[in-house]
Amino acid sequence: MIGVALQIRGQCGSCGSPLPFNALAEKVTCPSCHTVRTVTAGAWRPLLEEVVRDAPQLVGDAGRTSTLFTAELGQVEMSFARRQPRCPQCRTESPLEGVDTLAARGWAICVGCGRRHALREPPPAFALLLPPGALVAFEDEAQIAGGGNGRPAAAAGGATEWYLCFDASGVPFAWEELYDVVADRQGNVYCAGEPASGGTAVWSLDPGRRTRWRTGMTLSAETRLALTPAGSLLVGDPARSGLTVLDCARGGSAGTVGGAQSPGAPPVLDYAAACALSCAADGTIVVLAHDEIRRYTADGTAMDTWPNAGPRQAQAPSVYDLRERPLQVQTDSTRITAGWDGFTYLWQGDDLVKLSRWGQIVWRTKLPCAAWPRPCADASGGVYVLGEQGLTRVAPDGRPFPFLTPQSAGGPLGDEDRLVVAPDGTFWLLGGAGRMRILAPDGAVRYLSPRSREADAERAAQTPGAW
C-alpha cells in the first residue's frame with residue numbers, strides 16, 4: 001500500500017472565493033459566503049483517476065501539480081505527491097501496516113503526538129473510483145461531517161493536506177501512446193510506448209493487469225517488440241543499429257544483439273534499416289529490410305533465411321505473390337510475426353500468408369479488411385486479425401470467418417487498435433490514452449479500463465439506438 005498526499009482547491013460558484021476540498025466528501029461549504037456545494041462522483045472522477053493513474057509512477061517524494069476543468073466544478077487546482085501519511089500537527093509519519101482494521105471505526109491515533117485523526121474507507125458513492133481496499137486519512141473532519149471547514153487554514157480558504165492510501169500493485173500502468181505490444185506464454189503482456197508520466201518506455205503487465213516492471217528508454221513510434229524462447233524481450237528501433245535485449249522477468253538490460261557492420265567482419269544484424277521484427281520458435285531472429293527477408297542467429301550473426309532458398313526475383317513481390325522459401329518481399333508495407341503454433345505469418349493490407357519454418361507456403365488468404373496490428377496465432381493454428389470490420393478468425397486451414405464485431409454492429413469491440421492473444425485464448429485489446437479491453441475466449445467482456453468505458457459511453461451518446 002502507498003500513501004498519496006493531496007491538496008485540492010477550486011472556486012466558489014457563488015462568490016468566486018477559493019474553495020478547498022479537504023476531504024473526499026459529497027458536500028463542501030465555501031468559507032466566505034457559506035454556500036454549500038454538492039460534489040458528485042462524476043465531479044470527483046477525473047481528479048481521483050489522475051491520482052490513481054499517475055501517483056504509483058512517482059519516485060520518492062516527487063510530486064505533481066495539475067489544473068483540471070470539470071463541468072461541475074469548473075477550474076480545479078490539484079497537487080499530489082507519493083508520501084507516507086503524516087500528522088499535520090507533529091509531522092510524524094503514520095505506518096500503513098494494519099490500518100485497514102482501524103478504518104472501520106473511522107479514526108486512528110497519531111503515534112507521535114497522540115492526537116486523533118480521521119481514517120476511513122471511502123464513501124460508498126466514491127468507492128468504485130478507487131482501487132479495492134483504498135483508505136482515506138487526515139481529512140478535515142468538519143468537511144466529512146457535512147461540508148464545513150474545521151481547520152484554520154481551511155476556514156480561511158486554504159487547502160490542507162489529506163491522504164489517499166491504496167494498493168498500487170492493482171493499478172494498471174497508465175499510458176498515452178502505444179507503439180507495439182506482445183504477450184508471452186505465461187500471459188504476461190509487454191508494451192512499448194509513452195507512459196502518462198512522460199517520456200518513452202517499455203513495461204510489462206501480468207495477467208491480472210498489475211505492473212510487473214517499467215524500463216525507461218528512448219524509443220520512436222516505429223519501435224517493434226519480439227519475444228525469444230529463452231525468456232528475453234527484443235526491442236527494435238530503426239534509430240539504433242542493434243536490438244536492445246531486456247530480461248522478461250525484471251525488465252533489466254541483458255545486452256544487445258547485432259549493431260553497425262564492421263568492415264571485413266561477417267554480416268551481423270543491423271536493425272537501422274529494418275521495418276519489422278520477429279523471433280521464430282527456434283530462437284532465430286527474422287527482420288524485414290530493404291525488400292529482403294533476413295534471418296540471424298540469436299547472437300545476431302547472419303544465416304540462410306531458408307534451407308535451399310529459391311533464386312532472387314528481379315523485383316520484390318507483394319505478399320500475395322510470394323513464392324516458396326521467399327527471400328524478398330515489399331518491406332515498406334509488409335509486417336511479420338511468429339505465432340504460438342510455431343509458424344511465421346506475413347501480411348500486407350488484406351493479404352495474409354502462413355509459412356512453415358522451412359519456408360513452404362502453408363496457405364494464403366484474403367482478409368475481409370486490412371489488418372491494423374499484427375495478427376495473433378493461437379497454439380492450435382487459429383489466427384486472429386483485428387480490422388475495421390471487427391475481429392476475424394482464420395481457421396488452421398486458412399479460411400477466414402467473422403468472429404467479433406464492433407459495438408456499432410452489436411458486438412463487444414471498441415476503438416482499441418492493438419491486439420494480443422494469451423495462450424489461454426484471452427484477448428487483450430489496447431489503444432492510446434490507457435484504453436484496455438480484455439475479452440474471454442468466447443468474446444465476453446472481462447475488463448474495461450476507465451478510458452475504454454468512457455469512450456464506449458461517448459460513442460453510445462453520439463449514436464443513440466445504434467447499440
# chains A, B, ... in the order shown; residues from 1 in each chain; ligands from 1

$ residues_around --residues "Thr405 of chain A" --least-positions-apart "4" --cutoff "9 Å" --atoms "only C-alpha atoms" --output "PyMOL selection string"
chain A and resi 389-392+409-413

$ write_last_selection --atoms "all heavy atoms" --output "short mmCIF file (atom, residue, chain, number, x, y, z; two decimals), in the first residue's frame"
data_model
loop_
_atom_site.label_atom_id
_atom_site.label_comp_id
_atom_site.auth_asym_id
_atom_site.auth_seq_id
_atom_site.Cartn_x
_atom_site.Cartn_y
_atom_site.Cartn_z
N GLN A 389 -13.65 -3.99 -39.74
CA GLN A 389 -14.91 -4.72 -39.64
C GLN A 389 -15.00 -5.59 -38.38
O GLN A 389 -15.97 -6.31 -38.19
CB GLN A 389 -15.10 -5.60 -40.88
CG GLN A 389 -15.24 -4.79 -42.17
CD GLN A 389 -15.52 -5.67 -43.37
OE1 GLN A 389 -15.94 -6.83 -43.22
NE2 GLN A 389 -15.30 -5.14 -44.55
N GLY A 390 -13.99 -5.54 -37.53
CA GLY A 390 -14.03 -6.30 -36.30
C GLY A 390 -12.88 -7.29 -36.22
O GLY A 390 -11.82 -7.10 -36.83
N LEU A 391 -13.08 -8.35 -35.45
CA LEU A 391 -12.06 -9.37 -35.26
C LEU A 391 -12.42 -10.59 -36.11
O LEU A 391 -13.49 -11.18 -35.98
CB LEU A 391 -11.99 -9.77 -33.78
CG LEU A 391 -10.86 -10.71 -33.37
CD1 LEU A 391 -9.50 -10.07 -33.59
CD2 LEU A 391 -11.01 -11.12 -31.90
N THR A 392 -11.49 -10.95 -37.01
CA THR A 392 -11.67 -12.10 -37.89
C THR A 392 -10.83 -13.26 -37.39
O THR A 392 -9.67 -13.06 -36.98
CB THR A 392 -11.25 -11.74 -39.33
OG1 THR A 392 -12.08 -10.69 -39.82
CG2 THR A 392 -11.35 -12.95 -40.26
N ALA A 409 -22.17 -2.66 -34.50
CA ALA A 409 -22.87 -3.80 -35.10
C ALA A 409 -23.37 -4.78 -34.04
O ALA A 409 -23.70 -5.92 -34.34
CB ALA A 409 -21.95 -4.52 -36.08
N GLY A 410 -23.40 -4.33 -32.78
CA GLY A 410 -23.92 -5.16 -31.70
C GLY A 410 -22.89 -6.02 -31.01
O GLY A 410 -23.24 -6.83 -30.15
N GLY A 411 -21.61 -5.88 -31.35
CA GLY A 411 -20.56 -6.69 -30.75
C GLY A 411 -19.89 -6.01 -29.58
O GLY A 411 -20.28 -4.92 -29.15
N PRO A 412 -18.81 -6.61 -29.04
CA PRO A 412 -18.15 -6.07 -27.85
C PRO A 412 -16.94 -5.19 -28.14
O PRO A 412 -16.32 -4.69 -27.21
CB PRO A 412 -17.71 -7.34 -27.12
CG PRO A 412 -17.37 -8.29 -28.24
CD PRO A 412 -18.35 -7.98 -29.36
N LEU A 413 -16.56 -5.01 -29.40
CA LEU A 413 -15.31 -4.31 -29.71
C LEU A 413 -15.49 -2.80 -29.67
O LEU A 413 -16.50 -2.26 -30.13
CB LEU A 413 -14.80 -4.73 -31.09
CG LEU A 413 -14.51 -6.22 -31.29
CD1 LEU A 413 -13.99 -6.46 -32.70
CD2 LEU A 413 -13.52 -6.72 -30.25
#

$ residues_around --residues "Gly259 of chain A" --least-positions-apart "5" --cutoff "6 Å" --atoms "only C-alpha atoms" --output "PyMOL selection string"
chain A and resi 241-242+270

$ write_last_selection --atoms "N, CA and C atoms" --output "short mmCIF file (atom, residue, chain, number, x, y, z; two decimals), in the first residue's frame"
data_model
loop_
_atom_site.label_atom_id
_atom_site.label_comp_id
_atom_site.auth_asym_id
_atom_site.auth_seq_id
_atom_site.Cartn_x
_atom_site.Cartn_y
_atom_site.Cartn_z
N SER A 241 21.18 0.64 -34.42
CA SER A 241 21.60 -0.48 -35.26
C SER A 241 21.33 -1.82 -34.58
N GLY A 242 21.60 -1.90 -33.29
CA GLY A 242 21.43 -3.17 -32.58
C GLY A 242 20.08 -3.26 -31.91
N ASP A 270 21.70 -5.64 -38.47
CA ASP A 270 21.69 -4.18 -38.41
C ASP A 270 20.24 -3.74 -38.56
#

$ select_by_dssp --residues "segment 40-106 of chain A" --states "strand (DSSP E)" --output "list of chain:residue names"
A:Gly63, A:Arg64, A:Thr65, A:Ser66, A:Thr67, A:Leu68, A:Phe69, A:Thr70, A:Gly74, A:Gln75, A:Val76, A:Glu77, A:Met78, A:Ser79, A:Phe80, A:Ala81, A:Arg82

$ residues_around --residues "Trp363 of chain A" --least-positions-apart "5" --cutoff "10 Å" --atoms "only C-alpha atoms" --output "PDB file with C-alpha atoms, in the first residue's frame"
ATOM      1  CA  LEU A 352      -2.086 -12.944 -45.130  1.00  0.00           C
ATOM      2  CA  VAL A 353       0.379 -15.790 -45.779  1.00  0.00           C
ATOM      3  CA  LYS A 354       1.383 -18.623 -43.426  1.00  0.00           C
ATOM      4  CA  LEU A 355       4.934 -20.025 -43.798  1.00  0.00           C
ATOM      5  CA  SER A 356       6.494 -23.110 -42.249  1.00  0.00           C
ATOM      6  CA  PRO A 396      -5.963 -23.533 -39.357  1.00  0.00           C
ATOM      7  CA  ASP A 397      -6.777 -24.346 -42.993  1.00  0.00           C
ATOM      8  CA  GLY A 398      -6.679 -20.646 -43.998  1.00  0.00           C
ATOM      9  CA  ARG A 399     -10.412 -19.904 -44.219  1.00  0.00           C
TER      10      ARG A 399
END

$ atom_distance --atom1 "atom CA of Asp456 of chain A" --atom2 "atom CA of Gly414 of chain A"
6.7 Å

$ residues_around --residues "Gly16 of chain A" --least-positions-apart "3" --cutoff "12 Å" --atoms "only C-alpha atoms" --output "list of chain:residue names"
A:Gly10, A:Gln11, A:Cys12, A:Gly13, A:Leu19, A:Cys30, A:Pro31, A:Ser32, A:Cys33, A:His34, A:Thr35, A:Leu73, A:Gly74, A:Gln75, A:Gly157

$ closest_residue --among "A:Glu77, A:Glu222, A:Glu49, A:Glu161" --to "Gln89 of chain A" --atoms "only C-alpha atoms"
A:Glu161

$ residues_around --residues "Ala260 of chain A" --least-positions-apart "4" --cutoff "12 Å" --atoms "only C-alpha atoms" --output "ChimeraX atom specification"
/A:238-243,256,265-273,300

$ atom_distance --atom1 "atom CA of Ala280 of chain A" --atom2 "atom CA of Leu246 of chain A"
17.3 Å

$ residues_around --residues "segment 335-343 of chain A" --least-positions-apart "6" --cutoff "9 Å" --atoms "only C-alpha atoms" --output "mmCIF file with N, CA and C atoms, in the first residue's frame"
data_model
loop_
_atom_site.group_PDB
_atom_site.id
_atom_site.type_symbol
_atom_site.label_atom_id
_atom_site.label_comp_id
_atom_site.auth_asym_id
_atom_site.auth_seq_id
_atom_site.Cartn_x
_atom_site.Cartn_y
_atom_site.Cartn_z
ATOM 1 N N ARG A 185 4.099 -16.769 -23.065
ATOM 2 C CA ARG A 185 3.338 -17.990 -22.806
ATOM 3 C C ARG A 185 2.747 -18.034 -21.405
ATOM 4 N N ALA A 226 9.706 -8.234 -29.859
ATOM 5 C CA ALA A 226 9.633 -9.658 -30.166
ATOM 6 C C ALA A 226 10.140 -10.434 -28.963
ATOM 7 N N CYS A 275 12.149 -2.632 -40.861
ATOM 8 C CA CYS A 275 10.808 -2.115 -40.606
ATOM 9 C C CYS A 275 9.933 -3.120 -39.864
ATOM 10 N N ALA A 276 10.428 -4.336 -39.654
ATOM 11 C CA ALA A 276 9.629 -5.347 -38.959
ATOM 12 C C ALA A 276 10.557 -6.347 -38.297
ATOM 13 N N LEU A 277 10.090 -6.932 -37.189
ATOM 14 C CA LEU A 277 10.924 -7.798 -36.354
ATOM 15 C C LEU A 277 10.101 -8.976 -35.871
ATOM 16 N N SER A 278 10.729 -10.157 -35.858
ATOM 17 C CA SER A 278 10.075 -11.356 -35.344
ATOM 18 C C SER A 278 11.134 -12.307 -34.821
ATOM 19 N N CYS A 279 10.740 -13.195 -33.914
ATOM 20 C CA CYS A 279 11.648 -14.228 -33.414
ATOM 21 C C CYS A 279 10.959 -15.573 -33.563
ATOM 22 N N ALA A 280 11.591 -16.490 -34.297
ATOM 23 C CA ALA A 280 10.996 -17.793 -34.578
ATOM 24 C C ALA A 280 11.073 -18.707 -33.360
ATOM 25 N N ALA A 281 10.353 -19.826 -33.434
ATOM 26 C CA ALA A 281 10.310 -20.769 -32.322
ATOM 27 C C ALA A 281 11.674 -21.375 -32.018
ATOM 28 N N ASP A 282 12.584 -21.403 -32.997
ATOM 29 C CA ASP A 282 13.924 -21.953 -32.759
ATOM 30 C C ASP A 282 14.906 -20.905 -32.244
ATOM 31 N N VAL A 286 14.182 -12.884 -37.292
ATOM 32 C CA VAL A 286 13.839 -12.555 -38.672
ATOM 33 C C VAL A 286 13.441 -11.087 -38.741
ATOM 34 N N VAL A 287 14.046 -10.349 -39.675
ATOM 35 C CA VAL A 287 13.705 -8.950 -39.882
ATOM 36 C C VAL A 287 13.406 -8.720 -41.354
ATOM 37 N N LEU A 288 12.642 -7.687 -41.625
ATOM 38 C CA LEU A 288 12.382 -7.236 -42.985
ATOM 39 C C LEU A 288 13.121 -5.927 -43.195
ATOM 40 N N LYS A 354 0.812 -17.817 -44.496
ATOM 41 C CA LYS A 354 1.383 -18.623 -43.426
ATOM 42 C C LYS A 354 2.538 -19.439 -44.000
ATOM 43 N N LEU A 355 3.726 -19.330 -43.348
ATOM 44 C CA LEU A 355 4.934 -20.025 -43.798
ATOM 45 C C LEU A 355 5.412 -21.000 -42.742
ATOM 46 N N SER A 356 5.882 -22.159 -43.166
ATOM 47 C CA SER A 356 6.494 -23.110 -42.249
ATOM 48 C C SER A 356 7.905 -22.647 -41.912
ATOM 49 N N ARG A 357 8.539 -23.315 -40.934
ATOM 50 C CA ARG A 357 9.927 -22.972 -40.579
ATOM 51 C C ARG A 357 10.859 -23.152 -41.767
ATOM 52 N N ARG A 374 -0.554 -6.450 -35.669
ATOM 53 C CA ARG A 374 -0.095 -7.767 -36.102
ATOM 54 C C ARG A 374 -1.159 -8.829 -35.838
ATOM 55 N N PRO A 375 -1.356 -9.762 -36.762
ATOM 56 C CA PRO A 375 -2.236 -10.906 -36.467
ATOM 57 C C PRO A 375 -1.637 -11.736 -35.327
ATOM 58 N N CYS A 376 -2.499 -12.443 -34.613
ATOM 59 C CA CYS A 376 -2.047 -13.262 -33.490
ATOM 60 C C CYS A 376 -2.516 -14.696 -33.708
ATOM 61 N N ALA A 377 -1.597 -15.637 -33.676
ATOM 62 C CA ALA A 377 -1.936 -17.053 -33.880
ATOM 63 C C ALA A 377 -1.926 -17.778 -32.547
ATOM 64 N N ASP A 378 -2.967 -18.573 -32.304
ATOM 65 C CA ASP A 378 -3.007 -19.349 -31.066
ATOM 66 C C ASP A 378 -2.295 -20.686 -31.262
ATOM 67 N N ALA A 379 -2.237 -21.492 -30.206
ATOM 68 C CA ALA A 379 -1.472 -22.729 -30.250
ATOM 69 C C ALA A 379 -2.055 -23.758 -31.211
ATOM 70 N N SER A 380 -3.350 -23.639 -31.532
ATOM 71 C CA SER A 380 -3.985 -24.609 -32.430
ATOM 72 C C SER A 380 -3.891 -24.205 -33.891
ATOM 73 N N GLY A 381 -3.279 -23.057 -34.175
ATOM 74 C CA GLY A 381 -3.153 -22.622 -35.553
ATOM 75 C C GLY A 381 -4.226 -21.671 -36.008
ATOM 76 N N GLY A 382 -5.147 -21.289 -35.136
ATOM 77 C CA GLY A 382 -6.125 -20.255 -35.473
ATOM 78 C C GLY A 382 -5.468 -18.892 -35.412
ATOM 79 N N VAL A 383 -5.800 -18.026 -36.359
ATOM 80 C CA VAL A 383 -5.193 -16.698 -36.431
ATOM 81 C C VAL A 383 -6.290 -15.652 -36.262
ATOM 82 N N PRO A 423 -2.052 -17.329 -24.256
ATOM 83 C CA PRO A 423 -2.118 -18.773 -24.530
ATOM 84 C C PRO A 423 -3.448 -19.423 -24.154
#

$ residues_around --residues "Pro132 of chain A" --least-positions-apart "4" --cutoff "9 Å" --atoms "only C-alpha atoms" --output "JSON, numbers by chain"
{"A": [127, 128, 166, 167, 170]}

$ write_last_selection --atoms "all heavy atoms" --output "mmCIF file, in the first residue's frame"
data_model
loop_
_atom_site.group_PDB
_atom_site.id
_atom_site.type_symbol
_atom_site.label_atom_id
_atom_site.label_comp_id
_atom_site.auth_asym_id
_atom_site.auth_seq_id
_atom_site.Cartn_x
_atom_site.Cartn_y
_atom_site.Cartn_z
ATOM 1 N N ALA A 127 -16.373 4.824 -3.810
ATOM 2 C CA ALA A 127 -15.509 3.652 -3.651
ATOM 3 C C ALA A 127 -15.121 3.037 -4.986
ATOM 4 O O ALA A 127 -13.991 2.561 -5.158
ATOM 5 C CB ALA A 127 -16.206 2.613 -2.772
ATOM 6 N N LEU A 128 -16.033 3.051 -5.964
ATOM 7 C CA LEU A 128 -15.736 2.433 -7.251
ATOM 8 C C LEU A 128 -14.727 3.235 -8.077
ATOM 9 O O LEU A 128 -14.222 2.741 -9.084
ATOM 10 C CB LEU A 128 -17.032 2.252 -8.058
ATOM 11 C CG LEU A 128 -18.012 1.220 -7.494
ATOM 12 C CD1 LEU A 128 -19.272 1.169 -8.351
ATOM 13 C CD2 LEU A 128 -17.376 -0.154 -7.412
ATOM 14 N N PHE A 166 -3.654 3.297 -1.022
ATOM 15 C CA PHE A 166 -4.186 2.180 -1.804
ATOM 16 C C PHE A 166 -3.063 1.271 -2.257
ATOM 17 O O PHE A 166 -1.883 1.642 -2.238
ATOM 18 C CB PHE A 166 -4.996 2.682 -3.005
ATOM 19 C CG PHE A 166 -4.242 3.612 -3.930
ATOM 20 C CD1 PHE A 166 -3.488 3.121 -4.983
ATOM 21 C CD2 PHE A 166 -4.295 4.982 -3.742
ATOM 22 C CE1 PHE A 166 -2.806 3.967 -5.840
ATOM 23 C CE2 PHE A 166 -3.619 5.850 -4.582
ATOM 24 C CZ PHE A 166 -2.870 5.339 -5.633
ATOM 25 N N ASP A 167 -3.447 0.074 -2.669
ATOM 26 C CA ASP A 167 -2.506 -0.928 -3.146
ATOM 27 C C ASP A 167 -2.169 -0.615 -4.602
ATOM 28 O O ASP A 167 -2.990 -0.829 -5.492
ATOM 29 C CB ASP A 167 -3.113 -2.322 -3.017
ATOM 30 C CG ASP A 167 -2.168 -3.424 -3.483
ATOM 31 O OD1 ASP A 167 -1.012 -3.106 -3.835
ATOM 32 O OD2 ASP A 167 -2.584 -4.594 -3.499
ATOM 33 N N GLY A 170 -2.327 -3.152 -7.789
ATOM 34 C CA GLY A 170 -3.543 -3.439 -8.516
ATOM 35 C C GLY A 170 -3.930 -2.366 -9.515
ATOM 36 O O GLY A 170 -4.981 -2.440 -10.130
#

$ closest_atom_pairs --of "segment 188-276 of chain A" --to "segment 438-443 of chain A" --cutoff "12 Å" --atoms "only C-alpha atoms" --output "CSV"
residue,atom,partner,partner_atom,distance
A:Val189,CA,A:Ile438,CA,11.9
A:Pro207,CA,A:Ile438,CA,10.2
A:Gly208,CA,A:Ile438,CA,10.4
A:Arg209,CA,A:Ile438,CA,9.8

$ write_last_selection --atoms "C-alpha atoms" --output "compact mmCIF listing (two decimals), in the first residue's frame"
# COMPACT_ATOMS: atom_id res chain seq x y z
CA VAL A 189 1.93 -8.54 -21.72
CA PRO A 207 -2.36 -11.48 -16.44
CA GLY A 208 -4.13 -9.59 -13.64
CA ARG A 209 -3.18 -6.22 -15.24

$ closest_residue --among "A:Ala81, A:Val319, A:Ala159, A:Ala298" --to "Phe21 of chain A" --atoms "only C-alpha atoms"
A:Ala159

$ select_by_dssp --residues "segment 4-126 of chain A" --states "alpha helix (DSSP H)" --output "list in words"
Ala41, Gly42, Ala43, Trp44, Arg45, Pro46, Leu47, Leu48, Glu49, Glu50, Val51, Val52, Arg53, Asp54, Val99, Asp100, Thr101, Leu102, Ala103, Pro124, Ala125 and Phe126 of chain A

$ decode --residues "segment 182-192 of chain A" --atoms "all heavy atoms" --output "mmCIF file, in the first residue's frame"
data_model
loop_
_atom_site.group_PDB
_atom_site.id
_atom_site.type_symbol
_atom_site.label_atom_id
_atom_site.label_comp_id
_atom_site.auth_asym_id
_atom_site.auth_seq_id
_atom_site.Cartn_x
_atom_site.Cartn_y
_atom_site.Cartn_z
ATOM 1 N N VAL A 182 3.141 -7.226 -27.192
ATOM 2 C CA VAL A 182 3.257 -8.673 -27.388
ATOM 3 C C VAL A 182 2.919 -9.361 -26.063
ATOM 4 O O VAL A 182 2.906 -8.721 -25.010
ATOM 5 C CB VAL A 182 4.670 -9.094 -27.858
ATOM 6 C CG1 VAL A 182 4.965 -8.551 -29.248
ATOM 7 C CG2 VAL A 182 5.735 -8.655 -26.855
ATOM 8 N N ALA A 183 2.657 -10.672 -26.111
ATOM 9 C CA ALA A 183 2.353 -11.449 -24.904
ATOM 10 C C ALA A 183 3.186 -12.715 -24.902
ATOM 11 O O ALA A 183 3.479 -13.280 -25.962
ATOM 12 C CB ALA A 183 0.869 -11.794 -24.842
ATOM 13 N N ASP A 184 3.570 -13.179 -23.692
ATOM 14 C CA ASP A 184 4.366 -14.403 -23.599
ATOM 15 C C ASP A 184 3.484 -15.589 -23.214
ATOM 16 O O ASP A 184 2.267 -15.471 -23.037
ATOM 17 C CB ASP A 184 5.540 -14.220 -22.629
ATOM 18 C CG ASP A 184 5.102 -14.017 -21.174
ATOM 19 O OD1 ASP A 184 3.948 -14.364 -20.834
ATOM 20 O OD2 ASP A 184 5.924 -13.533 -20.371
ATOM 21 N N ARG A 185 4.099 -16.769 -23.065
ATOM 22 C CA ARG A 185 3.338 -17.990 -22.806
ATOM 23 C C ARG A 185 2.747 -18.034 -21.405
ATOM 24 O O ARG A 185 1.884 -18.866 -21.119
ATOM 25 C CB ARG A 185 4.236 -19.214 -23.046
ATOM 26 C CG ARG A 185 4.602 -19.411 -24.505
ATOM 27 C CD ARG A 185 5.315 -20.724 -24.741
ATOM 28 N NE ARG A 185 5.624 -20.911 -26.159
ATOM 29 C CZ ARG A 185 4.767 -21.396 -27.038
ATOM 30 N NH1 ARG A 185 3.554 -21.751 -26.651
ATOM 31 N NH2 ARG A 185 5.109 -21.526 -28.311
ATOM 32 N N GLN A 186 3.198 -17.183 -20.517
ATOM 33 C CA GLN A 186 2.626 -17.111 -19.173
ATOM 34 C C GLN A 186 1.464 -16.117 -19.102
ATOM 35 O O GLN A 186 0.862 -15.941 -18.046
ATOM 36 C CB GLN A 186 3.702 -16.715 -18.152
ATOM 37 C CG GLN A 186 4.727 -17.795 -17.880
ATOM 38 C CD GLN A 186 5.670 -18.025 -19.051
ATOM 39 O OE1 GLN A 186 6.211 -17.074 -19.623
ATOM 40 N NE2 GLN A 186 5.873 -19.281 -19.428
ATOM 41 N N GLY A 187 1.160 -15.463 -20.215
ATOM 42 C CA GLY A 187 0.076 -14.494 -20.237
ATOM 43 C C GLY A 187 0.492 -13.094 -19.848
ATOM 44 O O GLY A 187 -0.359 -12.201 -19.730
ATOM 45 N N ASN A 188 1.806 -12.851 -19.634
ATOM 46 C CA ASN A 188 2.283 -11.502 -19.364
ATOM 47 C C ASN A 188 2.302 -10.698 -20.660
ATOM 48 O O ASN A 188 2.596 -11.227 -21.730
ATOM 49 C CB ASN A 188 3.695 -11.539 -18.771
ATOM 50 C CG ASN A 188 3.753 -12.312 -17.477
ATOM 51 O OD1 ASN A 188 2.985 -12.050 -16.557
ATOM 52 N ND2 ASN A 188 4.663 -13.280 -17.393
ATOM 53 N N VAL A 189 1.996 -9.420 -20.556
ATOM 54 C CA VAL A 189 1.928 -8.539 -21.719
ATOM 55 C C VAL A 189 3.056 -7.523 -21.643
ATOM 56 O O VAL A 189 3.370 -6.997 -20.566
ATOM 57 C CB VAL A 189 0.556 -7.835 -21.774
ATOM 58 C CG1 VAL A 189 0.505 -6.803 -22.888
ATOM 59 C CG2 VAL A 189 -0.548 -8.869 -21.961
ATOM 60 N N TYR A 190 3.670 -7.233 -22.797
ATOM 61 C CA TYR A 190 4.790 -6.303 -22.884
ATOM 62 C C TYR A 190 4.434 -5.198 -23.861
ATOM 63 O O TYR A 190 3.965 -5.473 -24.973
ATOM 64 C CB TYR A 190 6.061 -7.018 -23.339
ATOM 65 C CG TYR A 190 6.430 -8.188 -22.453
ATOM 66 C CD1 TYR A 190 5.846 -9.436 -22.627
ATOM 67 C CD2 TYR A 190 7.355 -8.025 -21.420
ATOM 68 C CE1 TYR A 190 6.163 -10.504 -21.800
ATOM 69 C CE2 TYR A 190 7.680 -9.089 -20.591
ATOM 70 C CZ TYR A 190 7.079 -10.327 -20.783
ATOM 71 O OH TYR A 190 7.392 -11.374 -19.961
ATOM 72 N N CYS A 191 4.646 -3.958 -23.444
ATOM 73 C CA CYS A 191 4.265 -2.804 -24.257
ATOM 74 C C CYS A 191 5.432 -1.854 -24.429
ATOM 75 O O CYS A 191 6.281 -1.717 -23.538
ATOM 76 C CB CYS A 191 3.111 -2.049 -23.602
ATOM 77 S SG CYS A 191 1.652 -3.028 -23.227
ATOM 78 N N ALA A 192 5.454 -1.175 -25.559
ATOM 79 C CA ALA A 192 6.381 -0.072 -25.800
ATOM 80 C C ALA A 192 5.544 1.144 -26.149
ATOM 81 O O ALA A 192 4.579 1.039 -26.911
ATOM 82 C CB ALA A 192 7.348 -0.416 -26.929
#
